[in-house]
Amino acid sequence: MNKEQRSTARAVRIDPDIVLDVHDLIKTYTVGNSTITALNKVSLTVRKGEFIAIQGPSGSGKTTLINCLGALDFPDSGKIIYNVDNKGMGLDVTQMTNKQHKKMRLRKIGLIFQFYNLFPILTAYENVELPMVLDKKDPKVREEKVRNLLKRIGLDERMEHLPTQMSGGEQQRVTIARALVNEPLIILADEPTGELDTETTTNIMKIFLDLKNAGESILMVTHNRRIAEVADRIITLTDGEFVGEKIGGKPIEEIYNF
Ligand SMILES: Nc1ncnc2c1ncn2[C@@H]1O[C@H](COP(=O)(O)OP(=O)(O)OP(=O)(O)O)[C@@H](O)[C@H]1O
Ligand SMILES: [Mg+2]
């Protein structure tokens, strides 16, 4: 979908229990004379409170999928419908303008990446607060929300720390709080534990499971098959296609024997 073809997305009714409905996504990249099909007719439904893992080898299209779902890139074709008002008003992000994409990322989608992407000159507190500042939220509301979230993820003692003054696991916890601060519809995480040791990975997975149990919807990409097994459903991507799905729900303690 090129820029000229996009206009304001038209609302469609969807099942109010569905957070995200993805249909037949195709994304190709052309480099020189060769065309790579990074996503080949990917379809997926995420229901409220579901924790889904997308697993697959390097180059299978996982990051491409997150980028399209996260309103960071546009697929060539297909639909990505979010239940934007939580009551069944569906809007297709592939039809949106860049300005609407920005709003989706700020308010409706919580993004978490492998390399944390925190602002180095901002403290943990300020990094978490930033999306609320950009969304022009009231300072009192901001303070209460940021403090509560930092407490929830066990970082209330690190509020004034800069990213360089925190461990990798602590930095990733800050990005989780930042992703949650504007109360998004869904958390999209691309290899959130890719840089972490097994103990820290376990702690991050416990936070994800707590969030899921509190009703958050999570889509997590990982190449780590063992980690994927804690999710409710595990979908395998190979060469841009969904090739299998299985039920997860394995206790984290069984995976790493802590
Ligand atoms: N901007 C781009 N331009 C050209 N090709 C790209 C681009 N981004 C990704 N690709 C190609 O698309 C395919 C899917 O890449 P993607 O990054 O989505 O894989 P991945 O599953 O996230 O891999 P990894 O586990 O290594 O992170 C790969 O073949 C990759 O080389
Ligand atoms: Mg990737």
# chains A, B, ... in the order shown; residues from 1 in each chain; ligands from 1

$ select_by_dssp --residues "segment 31-229 of chain A" --states "strand (DSSP E or B)" --output "ChimeraX atom specification"
/A:31,34-47,51-55,77-83,89-92,109-112,186-190,218-222

$ residues_near_ligand --ligand "ligand 1" --cutoff "12 Å" --atoms "only C-alpha atoms and all ligand atoms" --output "JSON, numbers by chain"
{"A": [26, 27, 28, 29, 30, 31, 32, 33, 34, 35, 36, 37, 38, 39, 40, 54, 55, 56, 57, 58, 59, 60, 61, 62, 63, 64, 65, 66, 67, 68, 72, 73, 74, 75, 113, 114, 115, 189, 190, 191, 192, 194, 220, 221, 222, 223, 224, 225, 236, 237, 238, 239, 240, 241, 242]}

$ closest_residue --among "A:Val243, A:Val174, A:Ala53, A:Leu69" --to "Gly154 of chain A" --atoms "only C-alpha atoms"
A:Val174

$ residues_around --residues "Lys137 of chain A" --least-positions-apart "4" --cutoff "12 Å" --atoms "only C-alpha atoms" --output "PyMOL selection string"
chain A and resi 106-107+129-133+141-146+181-182

$ closest_atom_pairs --of "segment 103-206 of chain A" --to "segment 87-99 of chain A" --cutoff "12 Å" --atoms "only C-alpha atoms" --output "CSV"
residue,atom,partner,partner_atom,distance
A:Lys103,CA,A:Lys99,CA,6.6
A:Met104,CA,A:Val93,CA,8.2
A:Arg105,CA,A:Lys99,CA,10.1
A:Leu106,CA,A:Lys99,CA,10.8
A:Lys108,CA,A:Val93,CA,11.2
A:Ile109,CA,A:Val93,CA,11.3
A:Leu185,CA,A:Lys87,CA,11.3

$ select_by_dssp --residues "segment 25-196 of chain A" --states "helix (DSSP H, G or I)" --output "ChimeraX atom specification"
/A:62-69,93-95,98-108,124-134,139-152,156-158,163-165,168-180

$ closest_atom_pairs --of "segment 38-130 of chain A" --to "segment 159-165 of chain A" --cutoff "7 Å" --atoms "only C-alpha atoms" --output "tab-separated table"
residue	atom	partner	partner_atom	distance
A:Leu118	CA	A:Pro163	CA	6.8
A:Pro120	CA	A:Pro163	CA	5.7
A:Ile121	CA	A:Leu162	CA	6.7
A:Leu122	CA	A:Leu162	CA	6.1
A:Thr123	CA	A:Leu162	CA	4.3
A:Ala124	CA	A:Met159	CA	5.1
A:Tyr125	CA	A:Met159	CA	4.9

$ closest_residue --among "A:His23, A:Arg173, A:Arg233, A:Lys79" --to "Ile218 of chain A" --atoms "only C-alpha atoms"
A:Arg233

$ atom_distance --atom1 "atom CA of His101 of chain A" --atom2 "atom CA of Gly70 of chain A"
8.7 Å

$ residues_around --residues "Leu149 of chain A" --least-positions-apart "6" --cutoff "9 Å" --atoms "only C-alpha atoms" --output "PyMOL selection string"
chain A and resi 128+155-156+177-178+180-181

$ closest_residue --among "A:Ile81, A:Leu111, A:Met166, A:Ala228" --to "Ile14 of chain A" --atoms "only C-alpha atoms"
A:Ile81

$ residues_around --residues "Asp232 of chain A" --least-positions-apart "6" --cutoff "8 Å" --atoms "only C-alpha atoms" --output "list in words"
Glu50, Phe51, Ile52, Ala53, Ile247, Gly248 and Gly249 of chain A

$ closest_residue --among "A:Met205, A:Leu25, A:Leu219, A:Ile153" --to "Arg47 of chain A" --atoms "only C-alpha atoms"
A:Leu219
